[in-house]
Every structure is written in structure tokens, then in C-alpha cells.
Amino acid sequence: MAAVAFPGWHFHADTWGIIGFLGLAYFVALRRHSMAQGRHPTASVTRGQKSAFTAGLAVLWIGSNWPVHDLAEGYLYSIHMTQHLLFTLVAALLLVMGVPEWMARSILRPAWLMRTVRGLARPVPSLIQANLILVLSHWPLVVNATVGNHPLHLVAHSVLLVSAVLMWLPVVSPLPEIRRLRPPLQMLYLFGQTILPTVPASFLTFGTQPLYEVYVSLPRLWGISVLTDQQTAGLIMKLAGGFYLWIVITIVFFRWASSEERKDRAGQRDVVTYEDVRHELVT
């Protein structure tokens with residue numbers, strides 16, 4: 001199949017609307033909370049939280065609009081993979097980091113919702129659900145059904161984002177009810193998140209036949225073959241995704257080491273028992 005030209009600019013009204021609504025809702029909530037508390041708007045959120053949430057929306061916007069969206073849905077599975085990593089590893093983390101405690105509590109105000117999120121955000125269930133959704137999102141039946149079907153694709157991305165938010169809660173939860181793991185367990189938890197993606201990544205990287213019929217039928221861009229595109233997607237999933245998580249693990253490690261050094265100087269180092277670790281992992 002002959003190579004085609006780079007896709008021209010296309011306006012995606014739905015994603016502009018959704019991301020714009022999220023941003024508007026966030027800043028309106030900040031203003032209303034500040035007014036209700038009789039404080040300046042900056043008192044409802046830290047500068048870092050506001051910057052993180054804004055950056056998270058920006059990453060969502062980049063991943064869901066031209067040219068990334070058009071390339072992912074109409075041409076290259078490798079760009080589709082990049083899009084998924086932007087949503088799950090970058091945007092979801094930034095969005096959670098940007099939500100202050102009072103806002104998270106308001107979002108989870110229904111008792112049933114708080115119970116559900118608390119249950120799914122425990123380390124083991126979170127690890128399971130995140131990897132299950134990840135594997136399903138790369139299942140040929142799912143990919144073939146969602147690519148080219150924009151409403152279904154939007155639903156699939158929404159599920160991925162929600163799953164990723166739950167995955168990040170044991171690391172950056174803003175609520176004491178949904179406890180963050182201790183830093184050493186955070187590192188172990190994030191390491192666990194790097195293991196299972198190796199399986200689908202291996203099928204993509206070392207496969208000798210295209211896995212996704214829908215991409216076989218799509219026009220080829222820049223002369224990149226279907227198989228080369230698929231193998232590139234596998235490398236992106238394993239190498240780029242794993243490298244990103246190892247960067248986060250490294251940041252957690254150095255912050256923990258710095259905190260422990262300060263405690264040593266103050267004679268306040270915590271003693272962590274086996275029972276403490278077991279309690280954090282199962283409750």
C-alpha cells in the first residue's frame with residue numbers, strides 16, 4: 001500500500017469540550033471553596049497542586065487532539081501506544097497530584113463511591129485492576145472494535161484514565177482514608193507495575209504477523225509497514241513505559257532517603273515491622 005501524506009489539522013470538539021469542562025469545574029470549585037471559607041482563592045490549593053492539575057489537563061489535550069489522536073486512530077499503532085502511556089502514566093499522575101484533600105473528599109462524598117474507591121485503591125486490587133485493564137486495552141478484539149469507532153474509543157480511553165487514577169492512589173493519594181504506602185512499599189508497588197506489561201509488549205515486539213486487522217486496513221504513513229509499526233509499539237510500551245516508572249521510583253527513593261537522613265539527625269527514625277507492612281498491603 002502506498003504511503004499517504006501527513007493528516008491535516010482536525011478540530012475535535014468533544015475532547016476540547018470535556019477537557020475544558022474539567023478545567024472550568026476545577027477552578028470554579030477552588031473559587032467556591034475559598035469564598036465559603038472566607039479566604040483568598042490561593043488558600044484552597046497550593047501552587048504545586050494547581051500546576052500539576054493544569055499540566056495533567058495539558059497532557060490529556062495533547063494526547064487526545066491533532067496530531068496525536070489522528071495518527072493513533074487513523075494510521076499508526078505506535079502512536080496509539082504513546083497516547084495510552086500519556087494518559088495512564090503522565091496525565092493520571094498529574095491530575096491526582098493536583099487535587100487537594102477537600103476536593104477529593106467532595107468528589108467521593110457518596111458513601112458507596114468512597115467505599116468502592118478505597119477498596120480498588122488498595123495496593124493488591126489496584127495492581128490487579130490496572131494490569132487487567134492494560135492487557136484488555138491491547139487485546140485484538142478491543143483494539144479492532146475501538147479504532148475507527150470514535151464514541152467507543154472515547155469510552156475506552158475514559159476507562160483507561162480511571163483505572164490509572166486508581167493505580168496512582170497508593171502513591172499520591174490526597175486523602176488519609178486512602179492511605180499512601182510507605183516509600184519502600186511504593187517502590188515495590190511501582191516495580192510490580194513494570195512486570196506484567198512485558199507480556200503484551202513481547203507479543204508486539206517479537207510477533208511475526210500483525211495482531212490488529214484494523215491497522216492492516218489503514219493507509220500507511222511514511223512507508224512504515226504494519227509489522228514495523230507494531231514492533232515499535234511494543235518497544236514503546238516496554239522501554240518508554242518502564243523507564244518512566246523507574247524515574248518515578250528513583251524520585252521516591254531519593255525523597256525517602258532524604259527524609260530518613262533528616263529523621264536520623266533528629267533521632268526520630270521509624271521502626272517498621274512485618275505487621276506494619278502486611279497491614280498496609282491488605283487494608
# chains A, B, ... in the order shown; residues from 1 in each chain; ligands from 1
>>> residues_around(residues="A:Glu73", least_positions_apart="6", cutoff="7 Å", atoms="only C-alpha atoms", output="ChimeraX atom specification")
/A:80,147-148
>>> select_by_dssp(residues="stretch 52-204 of chain A", states="alpha helix (DSSP H)", output="JSON, numbers by chain")
{"A": [52, 53, 54, 55, 56, 57, 58, 59, 60, 61, 62, 63, 64, 68, 69, 70, 71, 72, 73, 74, 77, 78, 79, 80, 81, 82, 83, 84, 85, 92, 93, 94, 95, 96, 97, 101, 102, 103, 104, 105, 106, 107, 111, 112, 113, 114, 115, 116, 117, 118, 119, 120, 123, 124, 125, 126, 127, 128, 129, 130, 131, 132, 133, 134, 135, 136, 137, 140, 141, 142, 143, 144, 145, 146, 150, 151, 152, 153, 154, 155, 156, 157, 158, 159, 160, 161, 162, 163, 164, 165, 166, 167, 168, 169, 170, 171, 172, 183, 184, 185, 186, 187, 188, 189, 190, 191, 192, 193, 198, 199, 200, 201, 202, 203, 204]}
>>> write_last_selection(atoms="C-alpha atoms", output="short mmCIF file (atom, residue, chain, number, x, y, z; two decimals), in the first residue's frame")
data_model
loop_
_atom_site.label_atom_id
_atom_site.label_comp_id
_atom_site.auth_asym_id
_atom_site.auth_seq_id
_atom_site.Cartn_x
_atom_site.Cartn_y
_atom_site.Cartn_z
CA ALA A 52 0.06 19.70 38.41
CA PHE A 53 -3.64 19.66 37.55
CA THR A 54 -3.16 22.17 34.74
CA ALA A 55 -0.26 20.12 33.37
CA GLY A 56 -2.38 16.97 33.57
CA LEU A 57 -5.12 18.61 31.51
CA ALA A 58 -2.48 19.78 29.02
CA VAL A 59 -1.18 16.22 28.61
CA LEU A 60 -4.75 14.97 28.12
CA TRP A 61 -5.27 17.65 25.49
CA ILE A 62 -2.05 16.77 23.66
CA GLY A 63 -2.90 13.06 23.64
CA SER A 64 -6.50 13.44 22.52
CA VAL A 68 -1.62 12.53 18.14
CA HIS A 69 -5.25 11.43 18.03
CA ASP A 70 -5.43 11.48 14.22
CA LEU A 71 -2.22 9.48 13.86
CA ALA A 72 -3.26 6.98 16.55
CA GLU A 73 -6.77 6.32 15.23
CA GLY A 74 -6.09 6.53 11.53
CA TYR A 77 -0.49 1.77 16.40
CA SER A 78 2.84 3.00 17.81
CA ILE A 79 1.29 6.46 18.24
CA HIS A 80 -1.78 4.78 19.77
CA MET A 81 0.55 3.20 22.33
CA THR A 82 2.20 6.54 23.02
CA GLN A 83 -1.25 8.05 23.54
CA HIS A 84 -2.13 5.39 26.13
CA LEU A 85 1.13 5.98 28.03
CA ALA A 92 -3.41 10.48 35.55
CA LEU A 93 -0.49 11.04 37.95
CA LEU A 94 -0.55 14.82 37.46
CA LEU A 95 -4.32 15.02 37.87
CA VAL A 96 -4.26 13.11 41.17
CA MET A 97 -1.36 15.24 42.41
CA GLU A 101 -7.82 16.87 50.06
CA TRP A 102 -11.08 18.83 50.41
CA MET A 103 -11.83 18.45 46.68
CA ALA A 104 -11.14 14.71 46.69
CA ARG A 105 -13.43 14.34 49.68
CA SER A 106 -16.16 16.28 47.86
CA ILE A 107 -15.82 14.15 44.72
CA ALA A 111 -20.53 6.70 50.81
CA TRP A 112 -20.76 3.96 48.19
CA LEU A 113 -18.25 5.74 45.96
CA MET A 114 -15.76 6.25 48.76
CA ARG A 115 -16.05 2.55 49.73
CA THR A 116 -15.56 1.47 46.12
CA VAL A 117 -12.53 3.66 45.53
CA ARG A 118 -10.97 2.70 48.88
CA GLY A 119 -11.39 -0.97 48.00
CA LEU A 120 -9.97 -0.67 44.49
CA PRO A 123 -2.24 -1.97 46.60
CA VAL A 124 -3.08 -5.53 45.55
CA PRO A 125 -6.52 -4.81 43.98
CA SER A 126 -5.08 -1.71 42.33
CA LEU A 127 -2.19 -3.67 40.87
CA ILE A 128 -4.59 -6.30 39.54
CA GLN A 129 -7.16 -3.93 38.04
CA ALA A 130 -4.56 -1.69 36.40
CA ASN A 131 -2.80 -4.58 34.69
CA LEU A 132 -6.07 -6.27 33.72
CA ILE A 133 -7.30 -3.09 32.04
CA LEU A 134 -3.92 -2.64 30.38
CA VAL A 135 -3.95 -6.16 28.91
CA LEU A 136 -7.57 -5.84 27.77
CA SER A 137 -6.88 -2.48 26.14
CA PRO A 140 -7.02 -7.54 19.39
CA LEU A 141 -10.81 -7.71 19.75
CA VAL A 142 -10.84 -4.48 21.76
CA VAL A 143 -8.40 -2.63 19.52
CA ASN A 144 -10.22 -3.66 16.35
CA ALA A 145 -13.54 -2.57 17.84
CA THR A 146 -12.44 0.82 19.17
CA HIS A 150 -14.84 7.36 17.96
CA PRO A 151 -17.51 7.11 20.70
CA LEU A 152 -16.30 3.64 21.69
CA HIS A 153 -12.71 4.84 21.59
CA LEU A 154 -13.61 7.71 23.91
CA VAL A 155 -15.19 5.26 26.37
CA ALA A 156 -12.11 3.03 26.24
CA HIS A 157 -9.82 5.97 26.99
CA SER A 158 -12.06 7.05 29.86
CA VAL A 159 -11.82 3.56 31.38
CA LEU A 160 -8.03 3.64 30.98
CA LEU A 161 -7.80 7.02 32.69
CA VAL A 162 -10.00 6.00 35.64
CA SER A 163 -8.02 2.78 36.04
CA ALA A 164 -4.77 4.77 36.02
CA VAL A 165 -6.08 7.21 38.64
CA LEU A 166 -6.84 4.25 40.91
CA MET A 167 -3.39 2.83 40.18
CA TRP A 168 -1.65 6.03 41.31
CA LEU A 169 -3.64 6.49 44.54
CA PRO A 170 -1.40 4.21 46.69
CA VAL A 171 1.47 6.54 45.75
CA VAL A 172 -0.03 10.06 45.70
CA PRO A 183 8.10 4.90 50.35
CA PRO A 184 9.83 1.46 50.25
CA LEU A 185 6.46 -0.17 49.51
CA GLN A 186 5.70 2.50 46.93
CA MET A 187 8.88 1.49 45.13
CA LEU A 188 7.95 -2.20 45.32
CA TYR A 189 4.42 -1.42 44.12
CA LEU A 190 5.66 0.62 41.15
CA PHE A 191 8.18 -2.10 40.30
CA GLY A 192 5.23 -4.51 40.20
CA GLN A 193 3.58 -2.23 37.66
CA THR A 198 6.29 -7.19 29.49
CA VAL A 199 3.87 -9.88 28.27
CA PRO A 200 1.82 -7.88 25.73
CA ALA A 201 4.94 -5.87 24.87
CA SER A 202 6.74 -9.11 23.97
CA PHE A 203 3.88 -10.27 21.73
CA LEU A 204 4.00 -6.93 19.92
#
>>> closest_residue(among="A:Tyr244, A:Arg182, A:Ala91, A:Gly8", to="A:Glu260", atoms="only C-alpha atoms")
A:Arg182
>>> atom_distance(atom1="atom CA of A:Tyr26", atom2="atom CA of A:Lys50")
9.2 Å
>>> atom_distance(atom1="atom CA of A:Ser217", atom2="atom CA of A:Ala5")
16.3 Å
>>> atom_distance(atom1="atom CA of A:Gly48", atom2="atom CA of A:Pro174")
13.2 Å
>>> residues_around(residues="A:Trp66", least_positions_apart="5", cutoff="9 Å", atoms="only C-alpha atoms", output="compact mmCIF listing (two decimals) with N, CA and C atoms, in the first residue's frame")
# COMPACT_ATOMS: atom_id res chain seq x y z
N PRO A 7 -1.67 13.70 8.03
CA PRO A 7 -3.06 14.18 8.12
C PRO A 7 -3.13 15.68 8.45
N GLY A 8 -4.03 16.37 7.79
CA GLY A 8 -4.23 17.79 8.03
C GLY A 8 -4.90 18.04 9.36
N TRP A 9 -4.83 19.28 9.82
CA TRP A 9 -5.40 19.67 11.11
C TRP A 9 -6.89 19.36 11.17
N HIS A 10 -7.31 18.83 12.32
CA HIS A 10 -8.72 18.49 12.50
C HIS A 10 -9.14 18.88 13.91
N PHE A 11 -10.28 19.54 14.01
CA PHE A 11 -10.79 20.01 15.31
C PHE A 11 -11.62 18.91 15.96
N HIS A 12 -11.28 18.53 17.20
CA HIS A 12 -12.01 17.50 17.94
C HIS A 12 -12.83 18.19 19.03
N LEU A 71 -3.20 10.51 14.21
CA LEU A 71 -2.22 9.48 13.86
C LEU A 71 -2.54 8.15 14.52
